[in-house]
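Trainee: Dropping in start_25.txt, with compact mmCIF, C-alpha atoms and all ligand atoms.
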```
# COMPACT_ATOMS: atom_id res chain seq x y z
CA MET V 151 -18.27 3.58 -9.70
CA LYS V 152 -15.21 5.11 -8.10
CA ILE V 153 -12.42 2.55 -8.16
CA ALA V 154 -9.03 3.14 -6.53
CA ILE V 155 -5.79 1.26 -6.15
CA PHE V 156 -3.40 1.44 -3.20
CA PRO V 157 -0.17 0.05 -4.65
CA GLY V 158 2.92 -0.81 -2.66
CA SER V 159 5.45 -3.42 -1.73
CA PHE V 160 3.78 -4.30 1.58
CA ASP V 161 6.98 -6.08 2.66
CA PRO V 162 5.35 -6.62 5.13
CA ILE V 163 2.03 -4.79 5.57
CA THR V 164 2.11 -2.46 8.59
CA ARG V 165 -0.49 -0.69 10.70
CA GLY V 166 0.38 2.44 8.70
CA HIS V 167 -0.65 0.74 5.44
CA GLU V 168 -3.77 -0.68 7.11
CA ASN V 169 -4.77 2.76 8.38
CA ILE V 170 -4.39 4.35 4.92
CA ALA V 171 -6.24 1.49 3.17
CA LEU V 172 -9.22 1.69 5.54
CA LYS V 173 -9.50 5.44 5.02
CA ALA V 174 -9.42 4.92 1.24
CA ALA V 175 -11.96 2.08 1.39
CA ALA V 176 -14.39 4.46 3.09
CA MET V 177 -13.97 6.96 0.23
CA PHE V 178 -14.21 4.68 -2.84
CA ASP V 179 -16.64 2.01 -4.05
CA THR V 180 -13.86 -0.49 -4.63
CA LEU V 181 -10.27 -0.41 -3.43
CA TYR V 182 -7.55 -2.67 -4.77
CA VAL V 183 -4.75 -3.11 -2.25
CA ALA V 184 -2.12 -4.20 -4.71
CA ILE V 185 1.37 -5.63 -4.46
CA GLY V 186 3.41 -4.19 -7.30
CA GLU V 187 5.91 -6.88 -8.18
CA ASN V 188 9.11 -5.05 -8.91
CA SER V 189 11.96 -7.10 -10.35
CA GLU V 190 14.52 -4.49 -9.25
CA LYS V 191 13.46 -4.56 -5.61
CA LYS V 192 14.55 -7.51 -3.48
CA SER V 193 11.82 -8.27 -0.98
CA MET V 194 12.15 -9.97 2.40
CA PHE V 195 8.88 -11.89 2.02
CA SER V 196 7.53 -13.71 -1.05
CA SER V 197 4.72 -12.16 -3.02
CA ASN V 198 2.43 -15.05 -1.97
CA GLN V 199 3.18 -14.52 1.70
CA ARG V 200 2.61 -10.76 1.42
CA LEU V 201 -0.67 -11.33 -0.42
CA THR V 202 -1.89 -13.79 2.23
CA TRP V 203 -1.24 -11.17 4.91
CA LEU V 204 -3.15 -8.52 2.92
CA GLN V 205 -6.09 -10.89 2.46
CA LYS V 206 -6.21 -11.71 6.19
CA THR V 207 -5.95 -8.05 7.17
CA PHE V 208 -8.87 -6.97 4.99
CA ALA V 209 -11.02 -10.13 5.14
CA ASN V 210 -13.91 -8.24 6.75
CA TYR V 211 -14.01 -5.44 4.17
CA PRO V 212 -16.06 -6.52 1.14
CA ASN V 213 -15.04 -3.52 -0.98
CA ILE V 214 -11.31 -4.25 -0.61
CA GLN V 215 -9.69 -6.61 -3.10
CA CYS V 216 -6.12 -7.75 -2.49
CA ILE V 217 -4.08 -8.64 -5.55
CA ALA V 218 -0.54 -8.72 -6.96
CA TYR V 219 0.36 -7.31 -10.37
CA THR V 220 3.42 -6.93 -12.56
CA GLY V 221 4.28 -4.06 -14.85
CA LEU V 222 3.32 -0.43 -14.61
CA THR V 223 0.61 0.56 -12.14
CA ILE V 224 -1.11 2.69 -14.79
CA ASP V 225 -1.35 -0.31 -17.15
CA PHE V 226 -3.13 -2.25 -14.40
CA CYS V 227 -5.36 0.80 -13.90
CA LYS V 228 -6.24 1.00 -17.61
CA LYS V 229 -7.21 -2.68 -17.73
CA ASN V 230 -9.35 -2.49 -14.60
CA ASN V 231 -11.05 0.91 -15.02
CA ILE V 232 -9.21 2.38 -12.06
CA ASN V 233 -9.07 6.20 -12.00
CA PHE V 234 -7.50 6.89 -8.62
CA ILE V 235 -4.14 5.93 -7.14
CA ILE V 236 -3.83 6.17 -3.37
CA ARG V 237 -0.48 6.90 -1.77
CA GLY V 238 0.34 7.62 1.86
CA LEU V 239 2.47 10.56 3.00
CA ARG V 240 4.58 10.58 6.14
CA THR V 241 7.35 13.09 5.57
CA THR V 242 8.41 15.83 3.17
CA ASN V 243 10.77 13.24 1.73
CA ASP V 244 7.77 11.04 0.82
CA PHE V 245 6.16 14.11 -0.72
CA GLU V 246 9.10 14.89 -3.03
CA ASN V 247 9.30 11.32 -4.31
CA GLU V 248 5.56 10.89 -4.62
CA LEU V 249 5.05 14.14 -6.49
CA ALA V 250 7.40 13.02 -9.28
CA ILE V 251 5.67 9.62 -9.52
CA ALA V 252 2.22 11.24 -9.56
CA HIS V 253 3.15 13.66 -12.36
CA THR V 254 4.76 10.86 -14.35
CA ASN V 255 1.65 8.69 -14.03
CA LYS V 256 -0.54 11.64 -15.06
CA GLN V 257 1.59 12.22 -18.16
CA LEU V 258 1.37 8.54 -19.12
CA TYR V 259 -2.34 8.22 -18.32
CA PRO V 260 -4.08 11.64 -18.18
CA THR V 261 -7.34 10.44 -16.60
CA ILE V 262 -5.59 9.08 -13.51
CA GLU V 263 -5.64 11.11 -10.30
CA THR V 264 -3.30 10.45 -7.39
CA VAL V 265 -4.89 10.94 -3.98
CA PHE V 266 -2.55 11.47 -1.04
CA LEU V 267 -3.69 10.46 2.41
CA ILE V 268 -2.01 10.93 5.77
CA CYS V 269 -2.25 8.28 8.43
CA ASP V 270 -3.35 8.87 12.00
CA ILE V 271 -0.64 10.06 14.40
CA PRO V 272 -0.07 6.71 16.19
CA TYR V 273 1.08 5.16 12.88
CA LEU V 274 3.08 8.03 11.48
CA HIS V 275 6.51 6.58 12.33
CA ILE V 276 5.79 3.05 11.08
CA SER V 277 7.47 1.79 7.91
CA SER V 278 8.04 -1.66 6.43
CA SER V 279 11.79 -1.07 6.49
CA ILE V 280 11.77 -0.49 10.26
CA VAL V 281 9.55 -3.55 10.73
CA ARG V 282 12.00 -5.65 8.66
CA GLU V 283 14.89 -4.39 10.77
CA ILE V 284 13.09 -5.43 13.97
CA ILE V 285 12.29 -8.86 12.48
CA LYS V 286 15.92 -9.39 11.40
CA ASN V 287 17.01 -8.66 14.93
CA LYS V 288 14.34 -10.88 16.46
CA GLY V 289 12.44 -8.03 18.12
CA ASN V 290 8.70 -7.84 18.75
CA VAL V 291 6.69 -6.34 15.88
CA ARG V 292 3.25 -7.07 17.35
CA ASN V 293 2.23 -3.42 17.64
CA PHE V 294 3.52 -2.50 14.18
CA ILE V 295 1.61 -5.05 12.09
CA PRO V 296 -2.17 -5.51 11.72
CA GLU V 297 -3.91 -7.34 14.58
CA ARG V 298 -5.19 -10.10 12.32
CA ILE V 299 -1.79 -11.29 11.16
CA GLU V 300 1.19 -13.04 12.78
CA ILE V 301 4.75 -12.88 11.49
P1 LIG K 1 6.58 1.37 -1.98
O1 LIG K 1 7.73 0.45 -2.01
O2 LIG K 1 5.79 1.44 -3.24
O3 LIG K 1 6.86 2.74 -1.38
P2 LIG K 1 5.43 0.63 0.53
O4 LIG K 1 4.81 -0.69 0.84
O5 LIG K 1 6.70 0.98 1.25
O6 LIG K 1 5.58 0.65 -1.02
O7 LIG K 1 4.38 1.80 0.78
C1 LIG K 1 3.17 1.87 0.09
C2 LIG K 1 2.50 3.20 0.38
O8 LIG K 1 2.16 3.27 1.75
C3 LIG K 1 3.37 4.42 0.11
O9 LIG K 1 2.55 5.43 -0.43
C4 LIG K 1 3.85 4.82 1.48
O10 LIG K 1 4.14 6.21 1.55
C5 LIG K 1 2.62 4.49 2.29
N1 LIG K 1 2.90 4.28 3.73
C6 LIG K 1 3.61 3.32 4.29
N2 LIG K 1 3.65 3.45 5.64
C7 LIG K 1 2.91 4.56 5.92
C8 LIG K 1 2.56 5.26 7.12
N3 LIG K 1 2.99 4.87 8.32
N4 LIG K 1 1.79 6.36 6.98
C9 LIG K 1 1.37 6.79 5.78
N5 LIG K 1 1.67 6.18 4.62
C10 LIG K 1 2.42 5.09 4.69
```
Render the structure in this file as structure tokens.

Mentor:
Amino acid sequence: MKIAIFPGSFDPITRGHENIALKAAAMFDTLYVAIGENSEKKSMFSSNQRLTWLQKTFANYPNIQCIAYTGLTIDFCKKNNINFIIRGLRTTNDFENELAIAHTNKQLYPTIETVFLICDIPYLHISSSIVREIIKNKGNVRNFIPERIEI
């Protein structure tokens, strides 16, 4: 069984996240789309709200499980027999940050592999921070968030 986790803040989930998760779900037997609860990071939406949106987005995909976890991602991986971490790449900036995280995770848990995926071009510019900015300013985020959810 190939089990992967796609961890993130998903504050809120975007079409970019959805695109990456669906690609990963086609590659692995089980995919956890997982909200990493980070005490340092102040989120706009509650963990419950973010989880509800994940569940609605992936309701039709039986091999996707949406969950929230606390603590280190690798500790969640150890407990749940997960050997692959999925992360999305948009820019070289993402790459620099992600490379350090991937090597750190590998050092802490040598059997873990990080798999980087790129999203399709229409979603390349989408980020949760831009979506939050639009929401704060009462703009229309319809085309930035998954079809199955409303914000
Ligand atoms: P984090 O706070 O852990 O970075 P995010 O929710 O912002 O969590 O992002 C989770 C993952 O999704 C990250 O790997 C990020 O690079 C990726 N991601 C987000 N938006 C996109 C996008 N439009 N294209 C590709 N990857 C994306």

Trainee: Pick out the closest residue to ligand LIG 1 (chain K) from this set: V:Ser277, V:Thr264, V:Asn290, V:Thr207. Count only C-alpha atoms and all ligand atoms.

Mentor: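 Ranked by minimum distance to ligand LIG 1 (chain K), first place goes to V:Ser277.
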
Trainee: For Leu201 in chain V, which residue among V:Ala252, V:Ile163, V:Ala176, V:Leu239 is the nearest when counting only C-alpha atoms?

Mentor: V:Ile163

Trainee: To check your reading of the model: which residues sit at most 7 Å from ligand LIG 1 (chain K) when counting all atoms listed in the file? Write the answer as a list in words.

Mentor: Pro157, Gly158, Ser159, Phe160, Asp161, Ile163, Thr164, Arg165, Gly166, His167, Ile170, Arg237, Gly238, Leu239, Arg240, Asp244, Ile268, Cys269, Tyr273, Leu274, His275, Ile276, Ser277 and Ser278 of chain V

Trainee: Near range 189-198 of chain V, counting all atoms listed in the file, which residues have an atom at most 12 Å away, once you skip same-chain residues fewer than 4 positions from it, shown as a compact mmCIF listing (two decimals) with C-alpha atoms, in the coordinates of the input?

Mentor:
```txt
# COMPACT_ATOMS: atom_id res chain seq x y z
CA GLY V 158 2.92 -0.81 -2.66
CA SER V 159 5.45 -3.42 -1.73
CA PHE V 160 3.78 -4.30 1.58
CA ASP V 161 6.98 -6.08 2.66
CA PRO V 162 5.35 -6.62 5.13
CA ILE V 163 2.03 -4.79 5.57
CA ALA V 184 -2.12 -4.20 -4.71
CA ILE V 185 1.37 -5.63 -4.46
CA THR V 202 -1.89 -13.79 2.23
CA TRP V 203 -1.24 -11.17 4.91
CA LEU V 204 -3.15 -8.52 2.92
CA GLN V 205 -6.09 -10.89 2.46
CA CYS V 216 -6.12 -7.75 -2.49
CA ILE V 217 -4.08 -8.64 -5.55
CA ALA V 218 -0.54 -8.72 -6.96
CA TYR V 219 0.36 -7.31 -10.37
CA THR V 220 3.42 -6.93 -12.56
CA GLY V 221 4.28 -4.06 -14.85
CA LEU V 222 3.32 -0.43 -14.61
CA SER V 278 8.04 -1.66 6.43
CA SER V 279 11.79 -1.07 6.49
CA VAL V 281 9.55 -3.55 10.73
CA ARG V 282 12.00 -5.65 8.66
CA GLU V 283 14.89 -4.39 10.77
CA ILE V 285 12.29 -8.86 12.48
CA LYS V 286 15.92 -9.39 11.40
CA ILE V 301 4.75 -12.88 11.49
```

Trainee: Kindly give the distance, in Å, that separates CA of Tyr182 in chain V and CA of Asn213 in chain V, rounded to a single decimal.

Mentor: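 A separation of 8.4 Å between them.
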
Trainee: To one decimal place in Å, what is the distance between CA of Gly186 in chain V and CA of Cys227 in chain V?

Mentor: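 If I compute the distance from CA of Gly186 in chain V to CA of Cys227 in chain V, I get 12.1 Å.
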
Trainee: List as a PyMOL selection string the protein and nucleic acid residues near Thr180 in chain V, meaning an atom at most 12 Å away when all atoms listed in the file are counted, but skip any in the same chain fewer than 5 places from it.

Mentor: chain V and resi 151-156+171-172+174-175+211-216+230-235

Trainee: Would you work out the distance separating CA of Pro296 in chain V from CA of Glu168 in chain V, expressed in Å to one decimal?

Mentor: 6.9 Å

Trainee: Nearest to Pro272 in chain V: which of V:Asn210, V:Asn247, V:Asn293, V:Thr242 is it, counting all atoms listed in the file?

Mentor: V:Asn293

Trainee: Counting all atoms listed in the file, figure out which residue out of V:Met177, V:Ile236, V:Ile284, V:Ile299 gets nearest to Ile251 in chain V.

Mentor: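 Checking each of V:Met177, V:Ile236, V:Ile284, V:Ile299 against Ile251 in chain V, counting all atoms listed in the file, the winner is V:Ile236.
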
Trainee: For a quick check of understanding, using all atoms listed in the file, which of V:Phe226, V:Lys173, V:Phe208, V:Phe245 has the smallest distance to Glu297 in chain V?

Mentor: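 Smallest distance to Glu297 in chain V is found for V:Phe208.
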
Trainee: Identify which of the residues V:Asn169, V:Ile224, V:Thr254, V:Phe178 lies closest to Asp270 in chain V, counting only C-alpha atoms when measuring atom-to-atom distances.

Mentor: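 Using only C-alpha atoms, the shortest distance to Asp270 in chain V belongs to V:Asn169.
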